[in-house]
Structures are given as C-alpha cells and as structure tokens.
2 protein chains.
Amino acid sequence: MTLADQPPAAALVLQTLLQHGPLSRAEIGRRTGLTAGAVTKVATSLMADGWITEGGRPVTERTNGRPATPVEVRPERALFAGVKVTGEELIGVLADLTARPLASRRVRLDSRDVGTVVLAIARLVDELRTAAHLAGTADLHGVGVTISGDVDSQLGTVQYSPFLNWRRVPLAQLVETATGTPTVIENDVRALTVAEQWFGAGVGLSIFALVTVGAGIGAGLCVAGRVVSGAHGVAGEVGHLPVSGTDRVCTCGNTGCVEAVASTHAIVEQARQATGDAELTMDGAIRLAHTGDPAVRAVFARAGHAVGLALACVANLIGPERIIISGEGVASYDLFADHIRQAFVDHAFGAAVDCDLVVRPLPFEEWARGGAVVAAQRVFAPAK
Amino acid sequence: MTLADQPPAAALVLQTLLQHGPLSRAEIGRRTGLTAGAVTKVATSLMADGWITEGGRPVTERTNGRPATPVEVRPERALFAGVKVTGEELIGVLADLTARPLASRRVRLDSRDVGTVVLAIARLVDELRTAAHLAGTADLHGVGVTISGDVDSQLGTVQYSPFLNWRRVPLAQLVETATGTPTVIENDVRALTVAEQWFGAGVGLSIFALVTVGAGIGAGLCVAGRVVSGAHGVAGEVGHLPVSGTDRVCTCGNTGCVEAVASTHAIVEQARQATGDAELTMDGAIRLAHTGDPAVRAVFARAGHAVGLALACVANLIGPERIIISGEGVASYDLFADHIRQAFVDHAFGAAVDCDLVVRPLPFEEWARGGAVVAAQRVFAPAK
C-alpha cells in the first residue's frame with residue numbers, strides 16, 4: 001500500500017519522477033543527491049514492484065556519452081478515490097498516481113446524518129470503481145474524503161463541520177470500514193491546495209495561497225512546500241479575518257468577518273435588503289448587478305473590497321509568490337474583480353503588491369481530485 | 001568559517017548537539033537517523049577541528065549497557081557579533097556558538113548617513129572584541145546586522161528602511177569590507193524570531209509568531225521550523241493589516257493599518273489630540289492613562305484592540321502554537337493587555353483561540369543577539 005517494503009529513498013525517487021519524469025538514472029541522482037549505486041538499487045526495487053517502468057525516449061547522457069533509457073512512473077500502479085462532501089451532494093473522482101481522473105460521479109445527499117453520508121460515500125466509491133472497470137478493491141489504494149470545516153487529518157476526525165452540523169465525527173475510520181480501503185480525510189480547501197501544489201497553478205512555487213470564495217471563504221497556504229495546517233487545526237481562515245466593519249454579524253457570531261459581507265449567503269441577504277425583494281436569489285442578484293442596479297452593484301463592490309483586504313492580509317503576512325482565487329464565487333468574478341484588485345493594491349505593503357493574483361475556476365471535480373491527491377500523498381509520506 | 005571542509009552530515013550533528021547536547025554518539029545516531037559509522041566519522045572530524053569535545057557526565061547506553069562519554073559543542077569555537085541598527089543608536093552583542101552573550105555595548109548615532117553608520121558598526125564590533133579580550137579578527141567568525149524595514153538577506157541589501165531613510169543600500173558588503181569579517185544582514189524582527197526559535201520562547205515549537213509592538217509593529221512567523229521571509233521579501237507585516245478603521249492615515253500612506261492607531265507615534269499623536277496638549281510625550285501619556293484619564297485610556301484601548309485584531313489575523317491564517325508579544329510597547333502593556341486579549345478572543349476562529357499569548361520584554365541587546373544568531377546560522381546552512 002505504502003512504500004513500506006521499499007528502500008528508504010524510494011519515496012524521494014518516486015516524487016522526483018512524478019514531478020519531473022521520465023528521467024534517466026543519472027538525472028535522478030543529480031536531482032536527489034543520491035549516489036549512482038543507491039539510485040540503481042531503488043530503481044530496481046521499484047521496478048520489480050511495478051511502481052516504475054523503463055520508457056520514454058532514450059537520452060544521451062552528458063556523463064559518458066552513451067544513450068540511457070529513462071524510467072517513469074506507472075500511473076496505473078495505484079488508484080485513489082477522492083470524494084468532496086458538501087451539504088447537498090457528494091462529488092467523487094477516481095484518479096491514478098499522477099492524479100489523472102479516470103472517472104467522476106455526483107450523487108445528491110438526502111440526509112446529512114453521519115451514517116447515511118458514510119454509506120453514500122461507500123456506494124459512490126463502488127460506482128467509481130465500476131465506471132473505471134476495476135475488478136475488485138485490490139486496485140484501489142486509498143480513499144481521500146474532503147470536507148469544509150475543522151478537520152483533524154491526523155486523528156481522522158471532523159471536529160466541526162458547519163454545513164453538515166457535525167461535531168467530532170471519526171469519519172476516516174467510518175469510511176475505511178465501509179469501503180474496506182485505507183481512508184484519509186482533510187479539510188477541502190487544504191486538499192485542493194495540495195492538488196494545486198502538485199499538479200496545478202502552484203507547481204514550482206515555494207510559497208503560494210489558494211483563496212476560495214463562495215458559500216464559505218477559506219484559504220490554503222503553502223509555505224516552504226507544505227500546506228500549513230495550524231497547531232490547533234485552524235489555518236487559512238481568511239473568511240474570518242476582521243476587516244469588514246462592525247455592522248453585519250457573521251455566521252460564526254462575530255462582526256468584521258469577510259464572510260459576513262462576501263459569502264454567497266451574505267451577498268444575497270444584502271441584495272435582498274438593498275432591493276426590498278425578500279425572494280431574490282444569487283442568480284437574480286447577479287442579473288440585477290449586470291443590468292446596472294446601483295444598490296446591488298454596491299453590495300458586490302463591498303464584497304470585493306472585503307476579499308481584497310483579506311488578500312492583502314495574506315500577502316502582508318506570508319508574502320506569497322501567487323494567490324490563486326477560486327470557488328463558486330468566481331463565476332460572477334467580473335462583478336468583484338476591480339474592487340478586489342483595488343483593495344489589494346491599496347493595502348498590500350511594499351513589495352507584497354508584486355504577488356501574482358490568478359483566477360482559476362475549479363469545478364467540484366477538481367476539489368474531489370484533491371481528496372485523491374491527499375490519499376496518494378500517504379504513499380509518499382506514510383503516517384508515523 | 002563554515003563547515004565546508006567537514007563531512008556533509010556535520011551541520012546536522014552540530015545542530016542536534018546545539019539543541020539537545022551533550023549527547024552520546026549512539027543518541028546522536030538515534031536523533032539524526034545517521035548510521036553509527038557516519039556519526040563516528042563526523043564526530044571525529046568535528047573534534048579534530050575543535051567544534052566539539054568529549055564532556056558531560058558519562059551515560060549508560062541502553063543499547064549495550066556500557067557507559068558512553070557524551071560529546072558537546074565547544075561554544076567558544078566560533079564567536080559572532082550581532083548589531084541592531086535603530087534610527088538613534090547601535091546596539092552590539094558578542095556571542096558564542098550557543099548565543100551566550102560575552103559582551104555588549106551601545107553607541108549613539110550622530111548621523112544616519114550610510115558611510116557614518118558603517119564606520120560606527122565597524123568601530124562597535126572592534127570594541128566588542130576588545131571587551132571580550134579577543135586577540136585578533138581570527139576568533140570572530142561572522143557579523144550579523146539587523147535593521148527594521150525591507151531587508152533582502154540573500155542579496156545583502158537594505159531595500160528600504162523607513163527609520164534611516166535608506167533605499168537599496170548594499171549593507172552586507174559595506175560592513176564586510178569595513179570589519180574584514182563575513183557579514184549577513186537581516187530584518188530585525190526576523191532575526192529576533194530566529195533567536196527565539198533557537199534559544200528563546202520558540203524552542204520546540206513547529207509554528208509560532210513573534211509580534212513586536214513599539215515604534216513600528218511587526219512580526220516574525222516561524223512555520224515548519226523556518227522563519228517565513230516571503231517571495232518578495234515582505235512577510236510578517238502585522239502593522240499594515242487593514243483592521244483599524246479608516247479615520248487615521250498610516251506612515252505608509254494607507255488607512256486601516258494597525259500602526260496607524262497602535263505605534264508609539266500614533267498613540268502619542270492621538271493622546272495629544274485627546275488632551276489638547278501638543279507637547280505630550282509617550283511617558284506623559286502613560287502617566288495620564290495610569291491616573292485614569294478617560295480620553296487617554298481610550299487611546300490605549302483602541303491601540304490594544306487593533307493589536308488584538310492583528311493577533312487574531314495571525315492565528316486565523318497560520319494557527320500558531322504560541323504568539324510571543326514583545327517590543328518597547330510591552331513596557332506599558334498593562335494599559336493594552338485586556339483590550340488585546342479581548343479582541344483576540346473575540347476574533348480568533350474556533351480552536352485558533354487556543355493559541356498561547358506570551359508577553360516577553362526583550363531588550364535591544366536581545367535583538368542584537370538575534371544578529372549574532374543569524375550570523376551563526378550561516379555556519380550550519382552556508383549560502384549556496
């Protein structure tokens with residue numbers, strides 16, 4: 001399952017091949033600092049167990065002028081299911097070792113009851129296996145479930161999920177029992193950040209942030225190649241930075257939170273107040289803003305301003321090379337964009353303003369893929 | 001100078017001994033993961049070059065029951081001078097490999113002209129050597145100069161120092177030429193954070209923050225054992241988090257900054273407005289607050305509230321195990337403390353509130369020692 005039976009340097013070699021492969025053995029040595037003998041030993045062992053294979057175009061080595069056959073990862077050697085749980089549905093993806101999606105499915109949740117959700121996850125994983133023509137559980141190496149809220153991935157426990165109204169749910173164990181497959185759980189934004197770090201807009205960056213705007217507003221912070229999880233499980237809570245004034249109360253009970261003015265719910269609520277239309281939906285508010293309704297446009301402007309202040313906080317505190325902006329909210333990004341950027345530019349301190357702001361619409365399938373990537377990580381960094 | 005002539009694992013062994021020594025060779029092996037053979041080789045080489053010595057009470061090894069003589073670092077093997085530069089004075093400390101101060105000196109600066117300051121630093125380093133009875137430059141292994149502002153320690157350049165009004169000053173090279181000793185420069189708060197990480201209230205913590213309150217308000221963030229320096233040289237700028245309302249303009253030109261209401265200058269300015277006394281000093285404002293003057297107390301309350309919001313931002317974003325509060329401002333901490341704590345508790349999200357807030361009065365000599373520690377770091381992690 002993990003690389004437990006492989007030589008200690010196997011994880012390092014496999015990671016190097018995943019990020020830069022195919023590579024010749026000599027090139028692996030240069031990139032990892034391992035001796036030629038160590039690389040040969042690890043490569044032979046990984047090949048015997050089917051993790052890597054010789055392939056790719058032969059390259060002429062600088063060292064001795066002879067052509068060398070590169071080795072590369074066998075993506076199908078290990079498959080992983082990723083499942084994102086929202087309050088309304090499950091989104092599932094089956095992916096290989098290189099995070100390439102082989103199948104995806106969505107199912108509606110009839111209930112937020114823990115037992116029902118666990119059963120639905122197990123059924124979804126089963127469907128994904130069938131869809132990808134997998135014979136048995138043998139080929140599925142891990143399940144990664146991602147969920148919004150306070151998730152302790154070490155303990156495998158959802159400490160608190162506001163959308164599901166769960167507290168202290170030992171979800172990893174429950175899903176592992178139901179699926180018969182090793183399961184990890186992770187906060188959904190952190191999992192998406194890991195996916196972006198390995199296979200998305202964070203590749204090659206030592207420090208970046210992913211900020212998601214939508215029903216909730218959160219962030220994953222990647223510092224020195226690792227996603228920050230916080231000493232007490234809390235990190236990246238940009239939605240609860242106290243920058244937005246004191247007139248509105250957040251779902252967390254405080255005033256000043258970015259979410260209190262910029263979450264989907266908050267925008268709809270403010271647009272209803274501004275128009276006097278108690279039935280107005282988010283789509284309706286977007287339409288009104290697009291037709292130029294000044295009151296509704298002001299609501300989006302305020303939301304954008306608050307998000308921009310939050311981005312400035314992130315930039316001033318950790319100085320990321322790039323901030324990726326995603327989440328359902330980017331569908332109406334044109335209504336916020338100028339206000340986000342203006343508030344960011346005004347409040348980023350000194351060279352922090354050089355941080356690259358990038359908008360990436362990432363559908364929920366990408367979030368689910370984050371679960372698969374987190375499950376795959378366990379192969380390279382087995383839990384202690 | 002560095003460990004360049006030592007085996008590759010020498011830095012790791014020396015670090016382990018600095019943090020946990022004295023240790024037996026077997027214990028070094030257990031803590032570093034090095035083989036017994038590798039430890040013996042490194043220890044022999046480090047001992048031959050005077051970095052470590054046998055010493056400490058013999059311990060009975062679990063492995064074979066025989067008593068083993070531990071080895072420990074020879075603190076005097078390498079000495080470092082640390083200098084903190086403020087707008088008014090230089091504070092210098094001479095410290096050994098374990099950061100123990102052997103001598104300290106302060107000198108007033110007559111001018112903020114670069115040449116004058118560099119010369120004064122060289123003279124101060126000389127005085128420190130004399131005070132510690134060092135014969136020549138031979139025993140001094142490095143100089144670390146720390147300075148508030150945007151410091152690029154890789155380039156060795158002060159990009160911008162507001163207090164000195166310096167821009168793009170190649171300070172490391174200038175001081176190195178003037179002292180004849182390898183010199184590193186670092187942002188003063190980051191250097192103090194490194195010192196706290198190695199020898200202070202940050203020892204053993206994987207993630208902590210040091211927030212300094214005074215003439216400026218800044219922070220050092222230590223994540224996964226490394227002090228965050230930001231992709232563009234900016235990080236930890238808590239003084240410029242936009243949380244304090246729009247009625248006051250910060251020295252950086254923006255509104256909303258914590259510094260705009262909570263720096264020493266901002267407090268004095270607000271206290272003057274509140275009392276109508278245009279000559280009021282910080283000491284005078286503190287005295288008035290202590291006598292119960294409601295208008296001046298409100299100024300401190302607002303400053304404390306802003307600092308508390310900034311701490312909540314730090315906690316919500318990176319989730320530190322501990323936040324150390326220091327800087328000149330803590331001398332009047334009793335006037336802020338309740339407001340800082342209340343704002344922090346109100347706005348820390350979920351378990352982030354479990355972050356430990358610790359007040360540490362650290363005199364400028366400690367800040368200077370940070371420079372010596374940063375210079376010593378170069379021994380363990382030579383520049384590439």
# chains A, B, ... in the order shown; residues from 1 in each chain; ligands from 1

$ interface_residues --of "chain A" --to "chain B" --cutoff "7 Å" --atoms "only C-alpha atoms" --output "ChimeraX atom specification"
/A:207,228,230-232,234-238,240-243,254,309,313,316-321,347,349,351-352

$ residues_around --residues "Val373 (chain A)" --least-positions-apart "4" --cutoff "9 Å" --atoms "only C-alpha atoms" --output "PyMOL selection string"
chain A and resi 80-82+95+97-99+144+191-192+194-195+198+368-369+377-378

$ write_last_selection --atoms "C-alpha atoms" --output "CSV table (one decimal), in the first residue's frame"
chain,number,residue,atom,x,y,z
A,80,PHE,CA,-7.2,6.6,-5.5
A,81,ALA,CA,-10.8,7.8,-5.0
A,82,GLY,CA,-11.4,11.4,-3.9
A,95,ALA,CA,-7.6,9.2,-10.2
A,97,LEU,CA,-0.9,8.0,-9.3
A,98,THR,CA,-0.4,11.2,-11.4
A,99,ALA,CA,-3.8,12.5,-10.4
A,144,GLY,CA,-9.5,10.7,0.4
A,191,ALA,CA,-6.8,19.2,-0.1
A,192,LEU,CA,-7.4,21.5,-3.1
A,194,VAL,CA,-2.2,20.2,-2.2
A,195,ALA,CA,-3.6,19.3,-5.6
A,198,TRP,CA,1.4,19.1,-7.1
A,368,ALA,CA,-12.7,15.9,-5.2
A,369,ARG,CA,-9.4,15.2,-7.1
A,377,GLN,CA,0.4,11.6,-0.5
A,378,ARG,CA,0.1,8.9,2.1

$ residues_around --residues "Thr40 (chain B)" --least-positions-apart "3" --cutoff "10 Å" --atoms "only C-alpha atoms" --output "PyMOL selection string"
chain B and resi 25-26+28-29+34-37+43-46

$ closest_residue --among "B:Thr275, B:Thr281, B:Asn187, B:Thr16" --to "Val85 (chain B)" --atoms "only C-alpha atoms"
B:Asn187

$ select_by_dssp --residues "region 11-254 of chain A" --states "helix (DSSP H, G or I)" --output "ChimeraX atom specification"
/A:11-20,25-32,36-48,75-77,114-131,137-139,171-179,188-199,238-240

$ residues_around --residues "region 3-7 of chain A" --least-positions-apart "3" --cutoff "12 Å" --atoms "only C-alpha atoms" --output "NGL selection string"
:A and (10-15 or 38-51 or 78 or 141 or 376-384)

$ atom_distance --atom1 "CA of Leu18 (chain A)" --atom2 "CA of Glu72 (chain A)"
7.9 Å
